[in-house]
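One file, my_file_37.pdb, carrying PDB, C-alpha atoms, pLDDT in the B column:
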```
MODEL        1
ATOM      1  CA  MET A 368      -3.067   2.160  -7.382  1.00 94.00           C
ATOM      2  CA  ILE A 369       0.442   2.582  -8.811  1.00 97.00           C
ATOM      3  CA  ILE A 370       2.404   5.483  -7.358  1.00 98.00           C
ATOM      4  CA  LEU A 371       5.494   7.277  -8.607  1.00 98.00           C
ATOM      5  CA  GLY A 372       7.163   8.985  -5.661  1.00 98.00           C
ATOM      6  CA  VAL A 373       9.745  11.604  -6.594  1.00 97.00           C
ATOM      7  CA  ASP A 374      12.364  13.386  -4.517  1.00 94.00           C
ATOM      8  CA  PRO A 375      12.989  16.161  -7.051  1.00 91.00           C
ATOM      9  CA  GLY A 376      16.318  17.804  -7.761  1.00 87.00           C
ATOM     10  CA  THR A 377      18.302  19.183 -10.692  1.00 85.00           C
ATOM     11  CA  ARG A 378      21.423  17.137  -9.860  1.00 89.00           C
ATOM     12  CA  TYR A 379      19.880  13.995  -8.376  1.00 92.00           C
ATOM     13  CA  ALA A 380      16.241  12.973  -8.575  1.00 94.00           C
ATOM     14  CA  GLY A 381      15.179  10.014  -6.478  1.00 96.00           C
ATOM     15  CA  TYR A 382      12.219   8.007  -7.729  1.00 98.00           C
ATOM     16  CA  ALA A 383      10.224   5.019  -6.582  1.00 98.00           C
ATOM     17  CA  VAL A 384       7.347   3.064  -8.067  1.00 98.00           C
ATOM     18  CA  ILE A 385       5.126   1.226  -5.636  1.00 97.00           C
ATOM     19  CA  LYS A 386       1.929  -0.690  -6.224  1.00 97.00           C
ATOM     20  CA  LYS A 387      -0.845  -0.946  -3.683  1.00 92.00           C
ATOM     21  CA  GLU A 388      -3.145  -3.850  -4.315  1.00 89.00           C
ATOM     22  CA  HIS A 389      -5.405  -5.861  -1.993  1.00 89.00           C
ATOM     23  CA  GLY A 390      -3.886  -4.235   1.100  1.00 85.00           C
ATOM     24  CA  LYS A 391      -0.302  -5.011   0.078  1.00 92.00           C
ATOM     25  CA  THR A 392       2.306  -2.437  -0.881  1.00 93.00           C
ATOM     26  CA  ILE A 393       4.944  -3.705  -3.307  1.00 95.00           C
ATOM     27  CA  LEU A 394       8.086  -1.839  -4.345  1.00 97.00           C
ATOM     28  CA  ILE A 395       8.340  -2.232  -8.114  1.00 97.00           C
ATOM     29  CA  GLU A 396      11.385  -0.078  -8.836  1.00 97.00           C
ATOM     30  CA  ALA A 397      13.469   2.590  -7.156  1.00 97.00           C
ATOM     31  CA  GLY A 398      16.577   4.516  -8.043  1.00 97.00           C
ATOM     32  CA  CYS A 399      18.207   7.853  -8.528  1.00 96.00           C
ATOM     33  CA  LEU A 400      18.488   9.778 -11.765  1.00 96.00           C
ATOM     34  CA  ASP A 401      21.941  11.369 -11.880  1.00 93.00           C
ATOM     35  CA  VAL A 402      21.770  14.425 -14.115  1.00 89.00           C
ATOM     36  CA  HIS A 403      25.337  15.249 -15.079  1.00 74.00           C
ATOM     37  CA  LYS A 404      26.789  18.446 -13.605  1.00 76.00           C
ATOM     38  CA  LYS A 405      27.964  19.893 -16.887  1.00 74.00           C
ATOM     39  CA  ASP A 406      24.590  19.710 -18.605  1.00 77.00           C
ATOM     40  CA  THR A 407      22.821  23.038 -18.995  1.00 89.00           C
ATOM     41  CA  LEU A 408      19.655  23.650 -16.994  1.00 89.00           C
ATOM     42  CA  ILE A 409      17.492  23.215 -20.087  1.00 91.00           C
ATOM     43  CA  GLU A 410      19.181  19.864 -20.816  1.00 92.00           C
ATOM     44  CA  LYS A 411      18.677  18.760 -17.205  1.00 92.00           C
ATOM     45  CA  ILE A 412      14.988  19.686 -17.309  1.00 93.00           C
ATOM     46  CA  GLY A 413      14.583  17.812 -20.604  1.00 94.00           C
ATOM     47  CA  ILE A 414      16.354  14.723 -19.261  1.00 93.00           C
ATOM     48  CA  ILE A 415      14.250  14.729 -16.085  1.00 95.00           C
ATOM     49  CA  HIS A 416      11.042  15.167 -18.091  1.00 96.00           C
ATOM     50  CA  GLU A 417      11.833  12.336 -20.509  1.00 97.00           C
ATOM     51  CA  PHE A 418      12.935   9.995 -17.715  1.00 97.00           C
ATOM     52  CA  MET A 419       9.946  10.552 -15.411  1.00 98.00           C
ATOM     53  CA  ASP A 420       7.436  10.546 -18.262  1.00 98.00           C
ATOM     54  CA  ALA A 421       8.862   7.205 -19.451  1.00 98.00           C
ATOM     55  CA  LYS A 422       8.439   5.770 -15.918  1.00 98.00           C
ATOM     56  CA  VAL A 423       4.804   6.925 -15.883  1.00 98.00           C
ATOM     57  CA  LYS A 424       4.084   5.222 -19.180  1.00 98.00           C
ATOM     58  CA  LYS A 425       6.111   2.046 -18.492  1.00 98.00           C
ATOM     59  CA  HIS A 426       4.478   1.343 -15.137  1.00 98.00           C
ATOM     60  CA  LYS A 427       1.015   2.756 -15.930  1.00 98.00           C
ATOM     61  CA  ILE A 428       1.272   5.166 -13.000  1.00 98.00           C
ATOM     62  CA  THR A 429      -2.015   6.419 -11.518  1.00 97.00           C
ATOM     63  CA  HIS A 430      -0.648   8.694  -8.758  1.00 98.00           C
ATOM     64  CA  LEU A 431       2.361  10.985  -8.568  1.00 98.00           C
ATOM     65  CA  ALA A 432       3.644  12.028  -5.139  1.00 97.00           C
ATOM     66  CA  ILE A 433       6.204  14.715  -4.315  1.00 96.00           C
ATOM     67  CA  GLU A 434       7.458  16.416  -1.187  1.00 90.00           C
ATOM     68  CA  THR A 435       6.688  20.096  -0.719  1.00 86.00           C
ATOM     69  CA  PRO A 436       9.891  22.102  -0.673  1.00 75.00           C
ATOM     70  CA  PHE A 437      11.213  23.760   2.410  1.00 69.00           C
ATOM     71  CA  PHE A 438      12.894  27.091   1.836  1.00 61.00           C
ATOM     72  CA  LEU A 439      16.551  26.724   0.990  1.00 62.00           C
ATOM     73  CA  LYS A 440      19.117  29.386   1.853  1.00 68.00           C
ATOM     74  CA  ASN A 441      20.089  29.630  -1.794  1.00 72.00           C
ATOM     75  CA  ALA A 442      17.289  31.283  -3.802  1.00 77.00           C
ATOM     76  CA  ALA A 443      18.745  30.084  -7.134  1.00 76.00           C
ATOM     77  CA  THR A 444      18.598  26.453  -5.951  1.00 74.00           C
ATOM     78  CA  PHE A 445      15.018  26.954  -4.744  1.00 75.00           C
ATOM     79  CA  LEU A 446      14.066  28.395  -8.147  1.00 80.00           C
ATOM     80  CA  LYS A 447      15.651  25.462 -10.019  1.00 80.00           C
ATOM     81  CA  LEU A 448      13.762  23.042  -7.797  1.00 81.00           C
ATOM     82  CA  GLY A 449      10.620  24.879  -8.880  1.00 86.00           C
ATOM     83  CA  TYR A 450      11.407  24.062 -12.519  1.00 89.00           C
ATOM     84  CA  VAL A 451      11.595  20.345 -11.697  1.00 91.00           C
ATOM     85  CA  ARG A 452       8.349  20.529  -9.747  1.00 92.00           C
ATOM     86  CA  GLY A 453       6.754  22.255 -12.743  1.00 94.00           C
ATOM     87  CA  ILE A 454       7.850  19.368 -14.956  1.00 95.00           C
ATOM     88  CA  LEU A 455       6.235  16.908 -12.541  1.00 97.00           C
ATOM     89  CA  TYR A 456       3.021  18.950 -12.540  1.00 97.00           C
ATOM     90  CA  LEU A 457       3.012  18.904 -16.347  1.00 97.00           C
ATOM     91  CA  ILE A 458       3.621  15.140 -16.458  1.00 97.00           C
ATOM     92  CA  SER A 459       0.773  14.679 -13.991  1.00 97.00           C
ATOM     93  CA  TYR A 460      -1.553  16.852 -16.062  1.00 98.00           C
ATOM     94  CA  ASN A 461      -0.636  15.281 -19.410  1.00 97.00           C
ATOM     95  CA  ASN A 462      -1.100  11.744 -18.080  1.00 97.00           C
ATOM     96  CA  ARG A 463      -4.192  12.515 -15.963  1.00 98.00           C
ATOM     97  CA  LEU A 464      -2.502  11.434 -12.728  1.00 98.00           C
ATOM     98  CA  LYS A 465      -3.619  12.282  -9.233  1.00 97.00           C
ATOM     99  CA  LEU A 466      -0.873  14.537  -7.852  1.00 97.00           C
ATOM    100  CA  SER A 467      -0.259  14.602  -4.113  1.00 95.00           C
ATOM    101  CA  GLU A 468       2.190  16.774  -2.200  1.00 95.00           C
ATOM    102  CA  PHE A 469       3.361  16.110   1.321  1.00 94.00           C
ATOM    103  CA  SER A 470       5.395  18.180   3.750  1.00 91.00           C
ATOM    104  CA  PRO A 471       8.626  16.618   5.048  1.00 90.00           C
ATOM    105  CA  LYS A 472       6.866  16.026   8.387  1.00 92.00           C
ATOM    106  CA  GLU A 473       3.935  14.281   6.656  1.00 93.00           C
ATOM    107  CA  VAL A 474       6.329  12.042   4.700  1.00 93.00           C
ATOM    108  CA  LYS A 475       8.156  11.034   7.877  1.00 92.00           C
ATOM    109  CA  LEU A 476       4.869  10.427   9.692  1.00 91.00           C
ATOM    110  CA  GLY A 477       3.350   8.510   6.772  1.00 86.00           C
ATOM    111  CA  ALA A 478       6.402   6.320   6.289  1.00 85.00           C
ATOM    112  CA  THR A 479       7.574   5.764   9.869  1.00 87.00           C
ATOM    113  CA  GLY A 480       4.714   6.841  12.130  1.00 87.00           C
ATOM    114  CA  TYR A 481       6.931   9.553  13.627  1.00 87.00           C
ATOM    115  CA  GLY A 482       6.895  13.060  12.147  1.00 88.00           C
ATOM    116  CA  ALA A 483      10.267  14.062  13.592  1.00 87.00           C
ATOM    117  CA  ALA A 484      12.189  11.009  12.307  1.00 89.00           C
ATOM    118  CA  THR A 485      15.701  11.584  10.999  1.00 89.00           C
ATOM    119  CA  LYS A 486      16.690  10.747   7.413  1.00 87.00           C
ATOM    120  CA  GLU A 487      18.562   7.737   8.791  1.00 91.00           C
ATOM    121  CA  GLN A 488      15.491   6.517  10.692  1.00 92.00           C
ATOM    122  CA  VAL A 489      13.333   6.904   7.581  1.00 92.00           C
ATOM    123  CA  ALA A 490      15.894   4.982   5.512  1.00 93.00           C
ATOM    124  CA  ASN A 491      16.073   2.192   8.107  1.00 93.00           C
ATOM    125  CA  VAL A 492      12.281   1.783   8.128  1.00 93.00           C
ATOM    126  CA  ILE A 493      12.150   1.735   4.310  1.00 95.00           C
ATOM    127  CA  ILE A 494      14.947  -0.861   4.166  1.00 95.00           C
ATOM    128  CA  LYS A 495      13.109  -3.094   6.654  1.00 94.00           C
ATOM    129  CA  ILE A 496       9.658  -2.734   5.090  1.00 93.00           C
ATOM    130  CA  PHE A 497      10.776  -3.527   1.548  1.00 95.00           C
ATOM    131  CA  LYS A 498      13.722  -5.789   2.448  1.00 95.00           C
ATOM    132  CA  ILE A 499      16.194  -3.900   0.273  1.00 95.00           C
ATOM    133  CA  ASN A 500      19.857  -3.031   0.619  1.00 93.00           C
ATOM    134  CA  LYS A 501      20.713   0.491   1.689  1.00 93.00           C
ATOM    135  CA  PRO A 502      20.882   2.621  -1.477  1.00 92.00           C
ATOM    136  CA  LYS A 503      23.961   4.758  -2.116  1.00 91.00           C
ATOM    137  CA  ARG A 504      21.928   7.964  -1.960  1.00 92.00           C
ATOM    138  CA  ASP A 505      19.235   9.156   0.469  1.00 91.00           C
ATOM    139  CA  ASP A 506      17.279  10.434  -2.547  1.00 94.00           C
ATOM    140  CA  VAL A 507      16.167   6.842  -3.194  1.00 96.00           C
ATOM    141  CA  THR A 508      14.849   6.108   0.301  1.00 96.00           C
ATOM    142  CA  ASP A 509      13.301   9.592   0.372  1.00 95.00           C
ATOM    143  CA  ALA A 510      11.413   8.846  -2.857  1.00 97.00           C
ATOM    144  CA  ILE A 511      10.249   5.484  -1.509  1.00 97.00           C
ATOM    145  CA  ALA A 512       9.070   7.203   1.682  1.00 96.00           C
ATOM    146  CA  ILE A 513       7.164   9.799  -0.369  1.00 96.00           C
ATOM    147  CA  ALA A 514       5.443   7.056  -2.390  1.00 96.00           C
ATOM    148  CA  LEU A 515       4.725   5.042   0.767  1.00 95.00           C
ATOM    149  CA  CYS A 516       3.253   8.120   2.453  1.00 93.00           C
ATOM    150  CA  CYS A 517       0.934   8.604  -0.517  1.00 93.00           C
ATOM    151  CA  SER A 518      -0.029   4.933  -0.401  1.00 91.00           C
ATOM    152  CA  ASN A 519      -0.799   5.053   3.330  1.00 86.00           C
ATOM    153  CA  ILE A 520      -2.782   8.292   3.141  1.00 79.00           C
ATOM    154  CA  SER A 521      -4.727   7.405  -0.036  1.00 67.00           C
ATOM    155  CA  ARG A 522      -6.433   4.356   1.476  1.00 52.00           C
TER
ENDMDL
END
```
I need this file expressed as structure tokens, please.
Amino acid sequence: MIILGVDPGTRYAGYAVIKKEHGKTILIEAGCLDVHKKDTLIEKIGIIHEFMDAKVKKHKITHLAIETPFFLKNAATFLKLGYVRGILYLISYNNRLKLSEFSPKEVKLGATGYGAATKEQVANVIIKIFKINKPKRDDVTDAIAIALCCSNISR
């Protein structure tokens, strides 16, 4: 099982590729796609699509995992997030991936064992599990946690 976990966004999109094999979970790659502020929404969507689709093909992804959105105060931001989620659904469909969605509580529980963990607690667990340096953005550890949650639940 090779999972692409995505913390979607139109400005920053965290991503992580993990491989689960013979009971071991290995972090293959993780990072944050920085979509430049001045790009138009259509350019951002295109960039996100091309980037994530390339990750799927490069790593031979079998599962795509995303976090279900919680309602944001800004309806326009919530709508834009929906566009990114739509792109991920399309990538999943086109590549015949198993798509899994998890609530923020499920991600925290699946990654740390505690559903009310803070972002900092989640990041600390991820850093310890995979023996990585703290990334500059929480989007990266969030994406790793999403992928890890999928790995732990899809046993």
* Asked: Written as a PyMOL selection string, which residues does the PyMOL selection byres ((chain A and resi 480-494) around 9) give for the file shown?
  -> chain A and resi 471-479+495-502+505+507-509+511-512+515
How would the residues just picked look written out with C-alpha atoms as a PDB file, keeping the file's coordinate frame?
```
ATOM      1  CA  PRO A 471       8.626  16.618   5.048  1.00 90.00           C
ATOM      2  CA  LYS A 472       6.866  16.026   8.387  1.00 92.00           C
ATOM      3  CA  GLU A 473       3.935  14.281   6.656  1.00 93.00           C
ATOM      4  CA  VAL A 474       6.329  12.042   4.700  1.00 93.00           C
ATOM      5  CA  LYS A 475       8.156  11.034   7.877  1.00 92.00           C
ATOM      6  CA  LEU A 476       4.869  10.427   9.692  1.00 91.00           C
ATOM      7  CA  GLY A 477       3.350   8.510   6.772  1.00 86.00           C
ATOM      8  CA  ALA A 478       6.402   6.320   6.289  1.00 85.00           C
ATOM      9  CA  THR A 479       7.574   5.764   9.869  1.00 87.00           C
ATOM     10  CA  LYS A 495      13.109  -3.094   6.654  1.00 94.00           C
ATOM     11  CA  ILE A 496       9.658  -2.734   5.090  1.00 93.00           C
ATOM     12  CA  PHE A 497      10.776  -3.527   1.548  1.00 95.00           C
ATOM     13  CA  LYS A 498      13.722  -5.789   2.448  1.00 95.00           C
ATOM     14  CA  ILE A 499      16.194  -3.900   0.273  1.00 95.00           C
ATOM     15  CA  ASN A 500      19.857  -3.031   0.619  1.00 93.00           C
ATOM     16  CA  LYS A 501      20.713   0.491   1.689  1.00 93.00           C
ATOM     17  CA  PRO A 502      20.882   2.621  -1.477  1.00 92.00           C
ATOM     18  CA  ASP A 505      19.235   9.156   0.469  1.00 91.00           C
ATOM     19  CA  VAL A 507      16.167   6.842  -3.194  1.00 96.00           C
ATOM     20  CA  THR A 508      14.849   6.108   0.301  1.00 96.00           C
ATOM     21  CA  ASP A 509      13.301   9.592   0.372  1.00 95.00           C
ATOM     22  CA  ILE A 511      10.249   5.484  -1.509  1.00 97.00           C
ATOM     23  CA  ALA A 512       9.070   7.203   1.682  1.00 96.00           C
ATOM     24  CA  LEU A 515       4.725   5.042   0.767  1.00 95.00           C
TER      25      LEU A 515
END
```
* Given the file shown, enumerate the residues that the PyMOL selection byres ((chain A and resi 454) around 12) captures and present them as JSON, numbers by chain. => {"A": [373, 375, 376, 377, 409, 411, 412, 413, 414, 415, 416, 417, 418, 419, 420, 431, 433, 447, 448, 449, 450, 451, 452, 453, 455, 456, 457, 458, 459, 460, 461]}
Please write the residues from the selection above to a file, keeping C-alpha atoms, as a PDB file, keeping the file's coordinate frame.
```pdb
ATOM      1  CA  VAL A 373       9.745  11.604  -6.594  1.00 97.00           C
ATOM      2  CA  PRO A 375      12.989  16.161  -7.051  1.00 91.00           C
ATOM      3  CA  GLY A 376      16.318  17.804  -7.761  1.00 87.00           C
ATOM      4  CA  THR A 377      18.302  19.183 -10.692  1.00 85.00           C
ATOM      5  CA  ILE A 409      17.492  23.215 -20.087  1.00 91.00           C
ATOM      6  CA  LYS A 411      18.677  18.760 -17.205  1.00 92.00           C
ATOM      7  CA  ILE A 412      14.988  19.686 -17.309  1.00 93.00           C
ATOM      8  CA  GLY A 413      14.583  17.812 -20.604  1.00 94.00           C
ATOM      9  CA  ILE A 414      16.354  14.723 -19.261  1.00 93.00           C
ATOM     10  CA  ILE A 415      14.250  14.729 -16.085  1.00 95.00           C
ATOM     11  CA  HIS A 416      11.042  15.167 -18.091  1.00 96.00           C
ATOM     12  CA  GLU A 417      11.833  12.336 -20.509  1.00 97.00           C
ATOM     13  CA  PHE A 418      12.935   9.995 -17.715  1.00 97.00           C
ATOM     14  CA  MET A 419       9.946  10.552 -15.411  1.00 98.00           C
ATOM     15  CA  ASP A 420       7.436  10.546 -18.262  1.00 98.00           C
ATOM     16  CA  LEU A 431       2.361  10.985  -8.568  1.00 98.00           C
ATOM     17  CA  ILE A 433       6.204  14.715  -4.315  1.00 96.00           C
ATOM     18  CA  LYS A 447      15.651  25.462 -10.019  1.00 80.00           C
ATOM     19  CA  LEU A 448      13.762  23.042  -7.797  1.00 81.00           C
ATOM     20  CA  GLY A 449      10.620  24.879  -8.880  1.00 86.00           C
ATOM     21  CA  TYR A 450      11.407  24.062 -12.519  1.00 89.00           C
ATOM     22  CA  VAL A 451      11.595  20.345 -11.697  1.00 91.00           C
ATOM     23  CA  ARG A 452       8.349  20.529  -9.747  1.00 92.00           C
ATOM     24  CA  GLY A 453       6.754  22.255 -12.743  1.00 94.00           C
ATOM     25  CA  LEU A 455       6.235  16.908 -12.541  1.00 97.00           C
ATOM     26  CA  TYR A 456       3.021  18.950 -12.540  1.00 97.00           C
ATOM     27  CA  LEU A 457       3.012  18.904 -16.347  1.00 97.00           C
ATOM     28  CA  ILE A 458       3.621  15.140 -16.458  1.00 97.00           C
ATOM     29  CA  SER A 459       0.773  14.679 -13.991  1.00 97.00           C
ATOM     30  CA  TYR A 460      -1.553  16.852 -16.062  1.00 98.00           C
ATOM     31  CA  ASN A 461      -0.636  15.281 -19.410  1.00 97.00           C
TER      32      ASN A 461
END
```
* **Which residue of A:Ala510, A:Val402, A:Ala443, A:Leu464 approaches A:Val384 most closely, using only C-alpha atoms** => A:Ala510
* Residue nearest A:Lys422 among A:Glu410, A:Asp374, A:Glu396, A:Glu434 (counting all atoms listed in the file) ->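 Answer, going by the shortest atom-to-atom distance: A:Glu396.
Of the listed residues A:Lys404, A:Arg378, A:Phe469, A:Lys387, the one whose atoms come nearest to A:Pro436 is A:Phe469, with distances taken using all atoms listed in the file.
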* Could you check how far atom CA of A:Val423 sits from atom CA of A:Thr435, in Å to one decimal? =>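 These atoms are spaced 20.2 Å apart.
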* To do: For atom CA of A:His426 and atom CA of A:Ile369, determine how far apart the two atoms are, in Å to one decimal place.
  =>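 Rounded to one decimal, the two atoms are 7.6 Å apart.
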* Quick one: of A:Ala421, A:Ile428, A:Ala442, A:Ile513, who's nearest to A:Ser470, counting all atoms listed in the file? ->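 Using all atoms listed in the file, A:Ser470 sits closest to A:Ile513.
You will find atom CA of A:Lys405 at 15.8 Å from atom CA of A:Thr444.
All residues of protein, DNA or RNA that reach within 8 Å of A:Cys517, judged by all atoms listed in the file and not counting those fewer than 6 positions away in the chain, are A:Ile370, A:Ala432, A:Ser467, A:Gly477.
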* Among listed residues A:Ala397, A:Ser518, A:Asp506, A:Lys391, nearest A:Tyr379 (using all atoms listed in the file) -> A:Asp506
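Ranking A:Lys424, A:Ile520, A:Gly372, A:Thr407 by their shortest atom-to-atom distance to A:Leu394, with all atoms listed in the file included, puts A:Gly372 first.
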Repaired coordinates for stretch 477-493 of chain A (N, CA and C atoms) as a JSON list (two decimals), in the frame of the given file:
```json
[["chain", "number", "residue", "atom", "x", "y", "z"],
["A", 477, "GLY", "N", 4.00, 9.52, 7.61],
["A", 477, "GLY", "CA", 3.35, 8.51, 6.77],
["A", 477, "GLY", "C", 4.20, 7.28, 6.54],
["A", 478, "ALA", "N", 5.51, 7.44, 6.56],
["A", 478, "ALA", "CA", 6.40, 6.32, 6.29],
["A", 478, "ALA", "C", 6.84, 5.60, 7.56],
["A", 479, "THR", "N", 7.02, 6.37, 8.65],
["A", 479, "THR", "CA", 7.57, 5.76, 9.87],
["A", 479, "THR", "C", 6.63, 5.81, 11.06],
["A", 480, "GLY", "N", 5.60, 6.66, 10.99],
["A", 480, "GLY", "CA", 4.71, 6.84, 12.13],
["A", 480, "GLY", "C", 5.21, 7.90, 13.10],
["A", 481, "TYR", "N", 6.33, 8.54, 12.76],
["A", 481, "TYR", "CA", 6.93, 9.55, 13.63],
["A", 481, "TYR", "C", 7.35, 10.75, 12.78],
["A", 482, "GLY", "N", 6.68, 11.88, 12.97],
["A", 482, "GLY", "CA", 6.90, 13.06, 12.15],
["A", 482, "GLY", "C", 8.23, 13.75, 12.31],
["A", 483, "ALA", "N", 8.96, 13.44, 13.37],
["A", 483, "ALA", "CA", 10.27, 14.06, 13.59],
["A", 483, "ALA", "C", 11.41, 13.08, 13.34],
["A", 484, "ALA", "N", 11.15, 12.01, 12.60],
["A", 484, "ALA", "CA", 12.19, 11.01, 12.31],
["A", 484, "ALA", "C", 13.34, 11.64, 11.53],
["A", 485, "THR", "N", 14.53, 11.13, 11.76],
["A", 485, "THR", "CA", 15.70, 11.58, 11.00],
["A", 485, "THR", "C", 15.72, 10.89, 9.65],
["A", 486, "LYS", "N", 16.54, 11.39, 8.72],
["A", 486, "LYS", "CA", 16.69, 10.75, 7.41],
["A", 486, "LYS", "C", 17.15, 9.29, 7.60],
["A", 487, "GLU", "N", 18.05, 9.08, 8.54],
["A", 487, "GLU", "CA", 18.56, 7.74, 8.79],
["A", 487, "GLU", "C", 17.46, 6.81, 9.31],
["A", 488, "GLN", "N", 16.60, 7.32, 10.18],
["A", 488, "GLN", "CA", 15.49, 6.52, 10.69],
["A", 488, "GLN", "C", 14.51, 6.17, 9.58],
["A", 489, "VAL", "N", 14.23, 7.15, 8.72],
["A", 489, "VAL", "CA", 13.33, 6.90, 7.58],
["A", 489, "VAL", "C", 13.94, 5.82, 6.69],
["A", 490, "ALA", "N", 15.22, 5.96, 6.37],
["A", 490, "ALA", "CA", 15.89, 4.98, 5.51],
["A", 490, "ALA", "C", 15.84, 3.59, 6.14],
["A", 491, "ASN", "N", 16.08, 3.50, 7.44],
["A", 491, "ASN", "CA", 16.07, 2.19, 8.11],
["A", 491, "ASN", "C", 14.69, 1.53, 8.04],
["A", 492, "VAL", "N", 13.64, 2.32, 8.22],
["A", 492, "VAL", "CA", 12.28, 1.78, 8.13],
["A", 492, "VAL", "C", 12.01, 1.30, 6.71],
["A", 493, "ILE", "N", 12.37, 2.10, 5.71],
["A", 493, "ILE", "CA", 12.15, 1.74, 4.31],
["A", 493, "ILE", "C", 12.89, 0.44, 3.97]]
```
